[in-house]
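*Asks:* Below are the structure tokens for one structure; questions will follow.
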Amino acid sequence: LARCFAKTRMAAALLSRRIIHAAAAMADRPVAKALHDVLARVQEASTKANTKPARLVAVSKTKPVEAVQEAYDAGHRCFGENYVQEMLDKAPALPGDISWHFIGHLQSNKVKALIEGVPNLRVVETVDSTKLADKLSKAVQAAGRTEPLSVMVQVNTSGEESKYGVDPGQECVDLARHVATQCPNLRLAGLMTIGMPDYSSRPENFQCLSQCREAVAQALGLPVDQLELSMGMSGDFEQAIAMGSTNIRVGSTIFGAREYPQKSS
């Protein structure tokens, strides 16, 4: 009996040391810990919504390559960037099996550089005009890609003039139809919205995007669940998942507050 207790104490001590070591290692890797916490929240929110876990796009805007590598080493593979130049700088310095999502406003004159410079670009979430869609389709063909590039139609669900994106309703349907029927090198993956000025969204924004998806699916004769909903960021992704989001974009909660260069006075 004494030997049994001794073995139990030894096992407990070993487990305790492992927990301490794991905690210490995690403390040295704050990005990995934050990523783990967000993924757990995504899983919980998805379980409550009775859906498969939403895709987490880890947005590394303004953060160094080392921070992205830490998240990669923790097992994550899906990352997003807002700026073309930042993606062009980071992508070649990181593993090639990363799936990059471009989630910022994309100017037509930067399409060629983006497509050619990031072979593992998987999704452009911010298509907001037929001109941009046409440019992307032509650039994909010119770059010799063998698979269509997935894109999402960006919808301005908050109605703010400062926001990019098409209006909900017919404008959204028309652009989605154009992508699906006139852009042979693109694949219509779904719809995306950014939300309010404070980077959060009200329930009506999410509801609006969901209604847009239903309208697009009906107009194009597609199953609703074939079209993704990209909505929800650091401050509201759990609510977004509850309202049907399949793709969330989380930056500061994983990587910390963004670091913008100081303006000279």
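Lettering and numbering for the structure tokens are positional, with chains as A, B, ... in the shown order, residues counted from 1 in each chain, and ligands counted from 1 in the shown order.
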Determine which residues of segment 5-221 of chain A receive a DSSP assignment of alpha helix (DSSP H), computed from the backbone, and state them as a PyMOL selection string.
*Replies:* chain A and resi 5-27+30-48+65-73+84-90+111-117+130-142+170-182+203-220
*Asks:* I'd like the contact shell of Ala217 of chain A - 10 Å cut-off, only C-alpha atoms, skipping same-chain residues fewer than 2 positions apart - returned as a ChimeraX atom specification.
*Replies:* /A:173,176-177,190,211-215,219-227
*Asks:* Write the residues you've just listed into a file as a tab-separated table (two decimals), in the first residue's frame, and include C-alpha atoms for each of them.
*Replies:*
chain	number	residue	atom	x	y	z
A	173	VAL	CA	-26.60	39.40	-56.78
A	176	ALA	CA	-21.98	37.34	-57.69
A	177	ARG	CA	-23.54	36.29	-60.99
A	190	GLY	CA	-19.29	33.23	-50.72
A	211	GLN	CA	-30.16	37.29	-46.51
A	212	CYS	CA	-27.80	38.29	-49.33
A	213	ARG	CA	-26.53	34.73	-49.44
A	214	GLU	CA	-30.05	33.39	-49.76
A	215	ALA	CA	-30.76	35.80	-52.61
A	219	ALA	CA	-30.61	33.63	-58.31
A	220	LEU	CA	-27.78	31.28	-59.28
A	221	GLY	CA	-29.55	28.03	-58.48
A	222	LEU	CA	-27.03	27.04	-55.83
A	223	PRO	CA	-27.50	25.32	-52.47
A	224	VAL	CA	-27.29	27.96	-49.76
A	225	ASP	CA	-24.64	26.03	-47.87
A	226	GLN	CA	-22.37	26.09	-50.93
A	227	LEU	CA	-21.76	29.79	-50.27
*Asks:* Within 12 Å of segment 94-118 of chain A, which residues of segment 190-241 of chain A come that close, and what is the closest atom pair and distance in Å for each? Count only C-alpha atoms and give it as CSV.
*Replies:*
residue,atom,partner,partner_atom,distance
A:Leu191,CA,A:Ile103,CA,11.9
A:Met192,CA,A:Ile103,CA,9.2
A:Thr193,CA,A:Ile103,CA,10.1
A:Ile194,CA,A:Ile103,CA,9.4
A:Ser230,CA,A:Ile103,CA,10.0
A:Met231,CA,A:Ile103,CA,11.3
A:Met233,CA,A:Ile103,CA,11.7
*Asks:* Can you spit out the residues from that selection as a tab-separated table (two decimals), in the first residue's frame, using all heavy atoms?
*Replies:*
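File result-v6.tsv, as written:
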chain	number	residue	atom	x	y	z
A	191	LEU	N	-19.77	35.25	-49.50
A	191	LEU	CA	-19.93	36.68	-49.27
A	191	LEU	C	-19.19	37.09	-48.01
A	191	LEU	O	-19.02	36.29	-47.07
A	191	LEU	CB	-21.41	37.04	-49.13
A	191	LEU	CG	-22.37	36.57	-50.23
A	191	LEU	CD1	-23.80	36.99	-49.91
A	191	LEU	CD2	-21.95	37.09	-51.59
A	192	MET	N	-18.78	38.36	-47.97
A	192	MET	CA	-18.00	38.86	-46.84
A	192	MET	C	-18.49	40.26	-46.46
A	192	MET	O	-18.92	41.03	-47.32
A	192	MET	CB	-16.52	38.90	-47.23
A	192	MET	CG	-15.60	39.54	-46.19
A	192	MET	SD	-15.28	41.30	-46.46
A	192	MET	CE	-13.65	41.44	-45.75
A	193	THR	N	-18.46	40.55	-45.16
A	193	THR	CA	-18.74	41.92	-44.71
A	193	THR	C	-17.78	42.29	-43.60
A	193	THR	O	-17.28	41.42	-42.87
A	193	THR	CB	-20.20	42.07	-44.22
A	193	THR	OG1	-20.49	43.45	-44.05
A	193	THR	CG2	-20.44	41.34	-42.90
A	194	ILE	N	-17.51	43.59	-43.49
A	194	ILE	CA	-16.56	44.07	-42.48
A	194	ILE	C	-17.26	44.48	-41.20
A	194	ILE	O	-16.81	44.16	-40.10
A	194	ILE	CB	-15.72	45.24	-43.04
A	194	ILE	CG1	-14.72	44.69	-44.07
A	194	ILE	CG2	-14.97	45.97	-41.94
A	194	ILE	CD1	-13.82	45.72	-44.69
A	230	SER	N	-18.34	35.12	-44.62
A	230	SER	CA	-17.17	35.60	-43.89
A	230	SER	C	-17.59	36.83	-43.10
A	230	SER	O	-17.74	37.92	-43.64
A	230	SER	CB	-16.04	35.95	-44.87
A	230	SER	OG	-14.93	36.48	-44.15
A	231	MET	N	-17.78	36.63	-41.81
A	231	MET	CA	-18.20	37.74	-40.95
A	231	MET	C	-17.80	37.40	-39.52
A	231	MET	O	-17.81	36.25	-39.11
A	231	MET	CB	-19.71	37.98	-41.06
A	231	MET	CG	-20.61	36.79	-40.75
A	231	MET	SD	-22.35	37.14	-41.15
A	231	MET	CE	-23.17	35.79	-40.27
A	233	MET	N	-15.12	39.33	-36.32
A	233	MET	CA	-13.71	39.62	-36.04
A	233	MET	C	-13.47	39.47	-34.54
A	233	MET	O	-14.26	38.85	-33.84
A	233	MET	CB	-13.36	41.01	-36.58
A	233	MET	CG	-13.43	41.06	-38.11
A	233	MET	SD	-12.97	42.67	-38.83
A	233	MET	CE	-14.49	43.59	-38.58
*Asks:* Can you tell me, as a PyMOL selection string, which residues in segment 149-224 of chain A count as strand (DSSP E or B) by DSSP?
*Replies:* chain A and resi 149-155+166+186-192
*Asks:* Asn50 of chain A: which residues within 12 Å, counting only C-alpha atoms, same-chain residues fewer than 3 positions away excluded, as an NGL selection string?
*Replies:* :A and (42-47 or 53-54 or 241-244)
*Asks:* Do you have the atom CA of Thr253 of chain A-atom CA of Thr51 of chain A distance handy?
*Replies:*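 Separation of atom CA of Thr253 of chain A and atom CA of Thr51 of chain A: 22.7 Å.
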*Asks:* Work out how far atom CA of Cys183 of chain A is from atom CA of Pro148 of chain A, in Å to one decimal.
*Replies:*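 It comes out at 9.4 Å.
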*Asks:* Please determine, counting only C-alpha atoms, which residue among A:Glu66, A:Met152, A:Ser137, A:Leu56 has the shortest atom-to-atom distance to Val166 of chain A.
*Replies:* A:Met152
*Asks:* Given the choices A:Ala71, A:Glu238, A:Ala133, A:Glu161, which gets closest to Lys48 of chain A if the distance is worked out from only C-alpha atoms?
*Replies:*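 Among the listed residues, A:Glu238 lies closest to Lys48 of chain A.
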*Asks:* Pick out the closest residue to Glu228 of chain A from this set: A:Asn82, A:Asn185, A:Ser245, A:Ser150. Count only C-alpha atoms.
*Replies:*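 When distances to Glu228 of chain A are compared using only C-alpha atoms, the smallest one comes from A:Ser245.
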*Asks:* State, in Å with one decimal place, the distance from atom CA of Phe79 of chain A to atom CA of Leu186 of chain A.
*Replies:*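 Atom CA of Leu186 of chain A lies 20.0 Å from atom CA of Phe79 of chain A.
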